[in-house]
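Raw start-v1.csv, CSV, C-alpha atoms:
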```
chain,number,residue,atom,x,y,z
C,1037,MET,CA,0.0,0.0,0.0
C,1038,THR,CA,3.0,2.3,0.5
C,1039,GLY,CA,2.8,5.3,-1.8
C,1040,LYS,CA,-0.7,4.3,-3.1
C,1041,THR,CA,-2.9,5.1,-0.1
C,1042,SER,CA,-5.8,7.4,-1.0
C,1043,ILE,CA,-8.4,9.6,0.7
C,1044,GLU,CA,-10.9,6.9,-0.1
C,1045,ASP,CA,-8.8,4.4,1.8
C,1046,ALA,CA,-8.6,6.7,4.8
C,1047,TYR,CA,-12.4,7.4,4.8
C,1048,GLY,CA,-13.3,3.8,4.4
C,1049,VAL,CA,-11.2,2.3,7.2
C,1050,GLU,CA,-12.6,1.7,10.7
C,1051,GLY,CA,-11.1,0.7,13.9
C,1052,GLY,CA,-7.8,1.4,15.7
C,1053,GLU,CA,-5.8,-1.4,14.2
C,1054,ALA,CA,-6.8,-0.7,10.7
C,1055,LEU,CA,-6.1,3.0,11.1
C,1056,THR,CA,-2.7,2.2,12.5
C,1057,ARG,CA,-1.8,0.0,9.5
C,1058,LEU,CA,-3.1,2.5,7.0
C,1059,TYR,CA,-1.1,5.4,8.4
C,1060,SER,CA,2.0,3.4,9.0
C,1061,ASP,CA,2.0,2.5,5.3
C,1062,TRP,CA,1.2,6.1,4.3
C,1063,ALA,CA,3.7,7.9,6.6
C,1064,GLU,CA,6.7,8.2,4.4
C,1065,THR,CA,4.7,9.6,1.4
C,1066,TYR,CA,1.9,11.4,3.2
C,1067,ASP,CA,3.2,14.9,2.8
C,1068,GLU,CA,3.7,14.6,-0.9
C,1069,SER,CA,1.1,12.1,-2.1
C,1070,PHE,CA,-1.7,13.6,0.0
C,1071,ALA,CA,-1.1,17.1,1.4
C,1072,ALA,CA,0.9,18.6,-1.4
C,1073,ALA,CA,-0.8,16.7,-4.3
C,1074,HIS,CA,-4.3,17.5,-3.1
C,1075,GLY,CA,-3.8,21.1,-1.9
C,1076,TYR,CA,-4.6,20.3,1.7
C,1077,ILE,CA,-5.0,23.6,3.6
C,1078,VAL,CA,-6.7,22.7,6.9
C,1079,PRO,CA,-3.4,23.1,8.9
C,1080,ASP,CA,-3.2,26.7,7.7
C,1081,HIS,CA,-6.8,27.4,8.7
C,1082,LEU,CA,-6.2,26.0,12.1
C,1083,ALA,CA,-3.0,28.0,12.7
C,1084,ARG,CA,-4.9,31.2,11.7
C,1085,ILE,CA,-7.9,30.6,13.8
C,1086,LEU,CA,-5.8,29.6,16.8
C,1087,THR,CA,-3.7,32.7,16.7
C,1088,GLU,CA,-6.6,35.0,16.0
C,1089,THR,CA,-8.6,33.5,18.9
C,1090,ALA,CA,-5.8,33.2,21.4
C,1091,GLY,CA,-4.3,36.6,20.9
C,1092,SER,CA,-1.8,37.2,23.7
C,1093,ASP,CA,-3.2,34.4,25.9
C,1094,ASP,CA,-0.2,33.4,28.1
C,1095,GLY,CA,-2.0,30.2,29.2
C,1096,LEU,CA,-2.2,28.7,25.7
C,1097,PHE,CA,0.9,26.5,26.2
C,1098,PRO,CA,1.6,23.7,26.1
C,1099,VAL,CA,-0.5,22.9,23.0
C,1100,LEU,CA,-1.5,19.4,22.1
C,1101,ASP,CA,-1.8,18.6,18.4
C,1102,ILE,CA,-4.4,15.8,18.3
C,1103,GLY,CA,-3.8,13.3,15.5
C,1104,ALA,CA,-0.7,15.1,14.6
C,1105,GLY,CA,0.4,12.7,11.9
C,1106,THR,CA,3.5,13.9,10.1
C,1107,GLY,CA,3.4,17.3,11.7
C,1108,LEU,CA,1.5,19.4,9.2
C,1109,VAL,CA,-0.3,21.4,11.8
C,1110,GLY,CA,2.9,21.8,13.9
C,1111,ALA,CA,4.6,23.3,10.8
C,1112,ALA,CA,1.7,25.6,10.2
C,1113,LEU,CA,1.8,26.9,13.8
C,1114,VAL,CA,5.5,27.6,13.5
C,1115,ALA,CA,4.9,29.4,10.2
C,1116,ALA,CA,2.2,31.5,11.8
C,1117,GLY,CA,4.6,32.6,14.5
C,1118,VAL,CA,3.2,30.5,17.4
C,1119,GLU,CA,6.0,30.2,19.8
C,1120,GLY,CA,5.7,27.8,22.7
C,1121,ALA,CA,5.8,24.1,23.7
C,1122,THR,CA,3.7,21.9,21.4
C,1123,ASP,CA,3.3,18.1,21.8
C,1124,ALA,CA,2.1,15.6,19.2
C,1125,LEU,CA,-0.5,12.8,19.8
C,1126,ASP,CA,-1.1,10.2,17.2
C,1127,LEU,CA,-2.1,6.5,16.9
C,1128,SER,CA,0.7,5.8,14.5
C,1129,ALA,CA,4.2,5.6,15.7
C,1130,LYS,CA,5.5,5.7,12.1
C,1131,MET,CA,3.7,9.0,11.5
C,1132,LEU,CA,5.1,10.4,14.7
C,1133,GLU,CA,8.6,9.3,13.6
C,1134,VAL,CA,8.2,11.4,10.4
C,1135,ALA,CA,7.0,14.3,12.5
C,1136,GLY,CA,9.8,13.9,14.9
C,1137,ALA,CA,12.4,14.3,12.2
C,1138,LYS,CA,11.0,17.8,11.5
C,1139,GLY,CA,11.9,19.0,15.1
C,1140,LEU,CA,8.5,20.6,15.6
C,1141,TYR,CA,7.4,19.0,18.9
C,1142,ARG,CA,8.5,18.9,22.5
C,1143,ASN,CA,7.1,15.4,23.0
C,1144,ARG,CA,5.5,12.8,20.8
C,1145,ILE,CA,2.8,10.6,22.4
C,1146,CYS,CA,1.7,7.4,20.6
C,1147,ALA,CA,-1.7,6.6,22.0
C,1148,ASP,CA,-5.3,5.8,21.1
C,1149,LEU,CA,-7.5,8.8,21.5
C,1150,THR,CA,-10.5,6.6,22.3
C,1151,GLU,CA,-8.8,5.2,25.4
C,1152,THR,CA,-7.3,6.7,28.6
C,1153,LEU,CA,-4.3,8.8,27.6
C,1154,PRO,CA,-1.0,8.6,29.3
C,1155,VAL,CA,-1.2,12.2,30.3
C,1156,ALA,CA,-1.8,13.9,33.6
C,1157,ASP,CA,-4.9,15.9,34.4
C,1158,ARG,CA,-4.9,19.6,33.4
C,1159,SER,CA,-1.7,19.3,31.4
C,1160,TYR,CA,-2.5,21.4,28.3
C,1161,GLY,CA,-3.6,25.0,27.7
C,1162,GLY,CA,-4.4,24.6,24.0
C,1163,PHE,CA,-5.7,21.9,21.6
C,1164,VAL,CA,-5.7,21.7,17.8
C,1165,SER,CA,-6.7,18.9,15.5
C,1166,ALA,CA,-6.9,18.4,11.7
C,1167,GLY,CA,-8.0,15.2,10.0
C,1168,THR,CA,-8.9,13.2,13.1
C,1169,PHE,CA,-12.6,13.9,13.4
C,1170,THR,CA,-13.7,12.5,10.1
C,1171,HIS,CA,-15.1,9.4,8.3
C,1172,GLY,CA,-14.1,6.2,10.0
C,1173,HIS,CA,-11.8,7.8,12.5
C,1174,VAL,CA,-12.7,9.3,15.9
C,1175,GLY,CA,-16.1,10.5,17.2
C,1176,PRO,CA,-17.1,12.7,20.1
C,1177,ASN,CA,-16.7,9.9,22.7
C,1178,CYS,CA,-13.1,11.2,23.2
C,1179,LEU,CA,-14.1,14.6,24.3
C,1180,PRO,CA,-14.3,13.8,28.1
C,1181,GLU,CA,-10.8,12.5,28.0
C,1182,LEU,CA,-9.5,15.6,26.3
C,1183,LEU,CA,-11.3,17.7,28.8
C,1184,ARG,CA,-9.6,15.7,31.6
C,1185,ILE,CA,-6.2,16.7,30.4
C,1186,ALA,CA,-7.2,20.3,29.7
C,1187,LYS,CA,-6.3,23.2,32.0
C,1188,PRO,CA,-9.2,25.4,33.1
C,1189,GLY,CA,-9.7,28.0,30.3
C,1190,ALA,CA,-7.8,25.8,27.7
C,1191,LEU,CA,-8.6,26.7,24.1
C,1192,PHE,CA,-9.8,24.1,21.6
C,1193,CYS,CA,-9.7,24.5,17.8
C,1194,LEU,CA,-10.9,21.2,16.3
C,1195,SER,CA,-11.5,20.6,12.6
C,1196,ILE,CA,-14.5,18.3,12.0
C,1197,ASN,CA,-15.6,17.0,8.7
C,1198,ALA,CA,-18.9,18.6,7.9
C,1199,GLN,CA,-20.5,15.4,6.6
C,1200,VAL,CA,-19.9,13.5,9.9
C,1201,PHE,CA,-20.7,16.4,12.3
C,1202,ASP,CA,-24.3,15.3,12.8
C,1203,GLU,CA,-23.9,11.7,11.7
C,1204,ALA,CA,-21.3,11.1,14.5
C,1205,GLY,CA,-23.2,13.1,17.1
C,1206,PHE,CA,-20.8,16.0,17.6
C,1207,GLY,CA,-23.6,18.5,17.8
C,1208,SER,CA,-25.4,16.8,20.6
C,1209,ALA,CA,-22.2,16.0,22.4
C,1210,PHE,CA,-21.1,19.6,22.4
C,1211,ALA,CA,-24.5,20.8,23.4
C,1212,ASP,CA,-24.5,18.5,26.4
C,1213,LEU,CA,-21.0,19.6,27.5
C,1214,VAL,CA,-22.2,23.2,27.3
C,1215,ALA,CA,-25.4,22.4,29.2
C,1216,VAL,CA,-23.5,20.8,32.1
C,1217,GLY,CA,-21.0,23.7,32.3
C,1218,GLU,CA,-17.8,21.8,31.1
C,1219,ILE,CA,-17.2,24.0,28.1
C,1220,THR,CA,-18.1,27.5,26.9
C,1221,PRO,CA,-20.6,28.0,24.1
C,1222,LEU,CA,-18.9,27.2,20.8
C,1223,ASN,CA,-18.0,29.4,17.8
C,1224,PHE,CA,-17.7,27.7,14.4
C,1225,HIS,CA,-15.7,28.5,11.4
C,1226,ARG,CA,-16.6,26.9,8.0
C,1227,ILE,CA,-13.4,26.0,6.1
C,1228,ALA,CA,-12.5,24.5,2.8
C,1229,PHE,CA,-10.3,21.4,3.1
C,1230,TYR,CA,-8.4,22.0,-0.1
C,1231,SER,CA,-7.1,24.9,-2.1
C,1232,PRO,CA,-9.2,26.6,-4.8
C,1233,GLU,CA,-7.0,25.1,-7.5
C,1234,ALA,CA,-7.8,21.5,-6.4
C,1235,THR,CA,-9.7,19.4,-9.0
C,1236,HIS,CA,-9.7,15.9,-7.4
C,1237,ASP,CA,-12.9,14.2,-6.3
C,1238,HIS,CA,-12.8,15.6,-2.8
C,1239,ALA,CA,-11.9,19.2,-3.8
C,1240,GLN,CA,-15.2,20.6,-2.5
C,1241,ASP,CA,-15.0,18.9,0.9
C,1242,THR,CA,-15.5,21.3,3.8
C,1243,GLY,CA,-15.4,21.2,7.6
C,1244,LEU,CA,-16.3,23.1,10.7
C,1245,VAL,CA,-13.6,24.3,13.1
C,1246,ALA,CA,-15.2,24.1,16.6
C,1247,VAL,CA,-13.7,26.8,18.9
C,1248,PHE,CA,-14.4,26.7,22.6
C,1249,ARG,CA,-12.7,26.7,26.0
C,1250,ARG,CA,-12.6,24.4,28.9
C,1251,VAL,CA,-14.5,25.9,31.9
```
For this file, write the structure as structure tokens.
Amino acid sequence: MTGKTSIEDAYGVEGGEALTRLYSDWAETYDESFAAAHGYIVPDHLARILTETAGSDDGLFPVLDIGAGTGLVGAALVAAGVEGATDALDLSAKMLEVAGAKGLYRNRICADLTETLPVADRSYGGFVSAGTFTHGHVGPNCLPELLRIAKPGALFCLSINAQVFDEAGFGSAFADLVAVGEITPLNFHRIAFYSPEATHDHAQDTGLVAVFRRV
């Protein structure tokens, strides 16, 4: 599968073991065969939204890049002038190995987001994520665990595939967390996943960036 993995493969896979195999096979060519070839711009959107929302927030760090993969979001944060400790969390050790070679992260954490994370309570002041909350990947069941490791006031900027937002139950999960006072009311940014020049089958895919804070 190396070098031939496609968006359809990623959207069609389900389960942690299958995801691990897919991204391990894809790791070495991911930046070129997917991000560059398809005009993937979600990391740039996230970096912009995070910096615009956080402003001069001294409590933003450390930031956790959820589903960091090969470090595309980490690179976008650096390019946007975000200076502070950032850690990478991903299911694939191979993807994290590629990210590590770029020198973008303080720590790399190989763990399953749907299980208890090897992270202490109230560890992070900021959270970003691109490509994790999508078809066949991770649903809103991980939100309580992310809130456990979030500092009070921690800022979240999470990209969610628009097609799965309702199907996976993100709307009701967020509404419940607001209702019980665990997170602030959300702001949403509609974003394009790919550059205007993209012509592939998924060129018109969009997402919502959910922006909120831990209470």
Can you write out as JSON lines which residues of stretch 1145-1234 of chain C fall within 12 Å of stretch 1072-1087 of chain C, alongside each residue's closest atom pair and its distance in Å to one decimal, counting only C-alpha atoms and ordering rows by chain and ascending residue number?
```
{"residue": "C:Gly1162", "atom": "CA", "partner": "C:Leu1086", "partner_atom": "CA", "distance": 8.9}
{"residue": "C:Phe1163", "atom": "CA", "partner": "C:Leu1086", "partner_atom": "CA", "distance": 9.1}
{"residue": "C:Val1164", "atom": "CA", "partner": "C:Leu1082", "partner_atom": "CA", "distance": 7.2}
{"residue": "C:Ser1165", "atom": "CA", "partner": "C:Leu1082", "partner_atom": "CA", "distance": 7.9}
{"residue": "C:Ala1166", "atom": "CA", "partner": "C:Val1078", "partner_atom": "CA", "distance": 6.4}
{"residue": "C:Gly1167", "atom": "CA", "partner": "C:Val1078", "partner_atom": "CA", "distance": 8.2}
{"residue": "C:Thr1168", "atom": "CA", "partner": "C:Val1078", "partner_atom": "CA", "distance": 11.6}
{"residue": "C:Ala1190", "atom": "CA", "partner": "C:Leu1086", "partner_atom": "CA", "distance": 11.7}
{"residue": "C:Leu1191", "atom": "CA", "partner": "C:Leu1086", "partner_atom": "CA", "distance": 8.3}
{"residue": "C:Phe1192", "atom": "CA", "partner": "C:Leu1086", "partner_atom": "CA", "distance": 8.3}
{"residue": "C:Cys1193", "atom": "CA", "partner": "C:Leu1086", "partner_atom": "CA", "distance": 6.5}
{"residue": "C:Leu1194", "atom": "CA", "partner": "C:Leu1082", "partner_atom": "CA", "distance": 7.9}
{"residue": "C:Ser1195", "atom": "CA", "partner": "C:Leu1082", "partner_atom": "CA", "distance": 7.6}
{"residue": "C:Ile1196", "atom": "CA", "partner": "C:Val1078", "partner_atom": "CA", "distance": 10.3}
{"residue": "C:Asn1197", "atom": "CA", "partner": "C:Val1078", "partner_atom": "CA", "distance": 10.7}
{"residue": "C:Asn1223", "atom": "CA", "partner": "C:Ile1085", "partner_atom": "CA", "distance": 10.9}
{"residue": "C:Phe1224", "atom": "CA", "partner": "C:Ile1085", "partner_atom": "CA", "distance": 10.2}
{"residue": "C:His1225", "atom": "CA", "partner": "C:Ile1085", "partner_atom": "CA", "distance": 8.4}
{"residue": "C:Arg1226", "atom": "CA", "partner": "C:His1081", "partner_atom": "CA", "distance": 9.8}
{"residue": "C:Ile1227", "atom": "CA", "partner": "C:His1081", "partner_atom": "CA", "distance": 7.2}
{"residue": "C:Ala1228", "atom": "CA", "partner": "C:Val1078", "partner_atom": "CA", "distance": 7.3}
{"residue": "C:Phe1229", "atom": "CA", "partner": "C:Val1078", "partner_atom": "CA", "distance": 5.4}
{"residue": "C:Tyr1230", "atom": "CA", "partner": "C:Tyr1076", "partner_atom": "CA", "distance": 4.5}
{"residue": "C:Ser1231", "atom": "CA", "partner": "C:Gly1075", "partner_atom": "CA", "distance": 5.0}
{"residue": "C:Pro1232", "atom": "CA", "partner": "C:Gly1075", "partner_atom": "CA", "distance": 8.2}
{"residue": "C:Glu1233", "atom": "CA", "partner": "C:Gly1075", "partner_atom": "CA", "distance": 7.6}
{"residue": "C:Ala1234", "atom": "CA", "partner": "C:Gly1075", "partner_atom": "CA", "distance": 6.0}
```
Could you check which of C:Tyr1059, C:Phe1248, C:Phe1210, C:Phe1097 is closest to C:His1173, using all atoms listed in the file?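 When distances to C:His1173 are compared using all atoms listed in the file, the smallest one comes from C:Tyr1059.
Across C:Leu1182, C:Leu1127, C:Val1118, C:Ala1239, the tightest approach to C:Ile1145 is made by C:Leu1127 when counting only C-alpha atoms.
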Please report the interatomic distance between atom CA of C:Asp1123 and atom CA of C:Phe1070 in Å with one decimal. 22.8 Å
Measure the distance from atom CA of C:Gly1105 to atom CA of C:Trp1062 in Å and round it to one decimal.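 Result for atom CA of C:Gly1105 versus atom CA of C:Trp1062: 10.1 Å, one decimal.
When atom CA of C:Gly1172 is paired with atom CA of C:Gly1217, their separation reads 29.2 Å.
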Using all atoms listed in the file, find the one residue out of C:Thr1242, C:Thr1220, C:Gln1199, C:Ser1208 that sits nearest to C:Asn1177. C:Ser1208
Using only C-alpha atoms, the shortest atom-to-atom distance to C:Gly1103 among C:Asp1157, C:Asp1241, C:Asp1212, C:Asp1148 belongs to C:Asp1148
Find, counting only C-alpha atoms, the residue in C:Ala1054, C:Leu1179, C:Val1155, C:Leu1100 that gets nearest to C:Ser1128. C:Ala1054
Point (9.5, 10.1, 7.6), cut-off 7 Å, counting all atoms listed in the file, residues as a list in words: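 Collected hits near the coordinates: Ala1063, Glu1064, Glu1133, Val1134, Ala1135 and Ala1137 of chain C.
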Determine the nearest neighbour of C:Asp1067 from the options C:Met1131, C:Ala1121, C:Ala1198, C:Ala1215, counting all atoms listed in the file.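 Closest to C:Asp1067 of all the choices is C:Met1131.
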Could you list as a PyMOL selection string every residue that has an atom within 10 Å of (-11.9, 15.9, 28.4), using the file's coordinates and counting all atoms listed in the file? chain C and resi 1157-1158+1177-1187+1213+1218-1219+1250
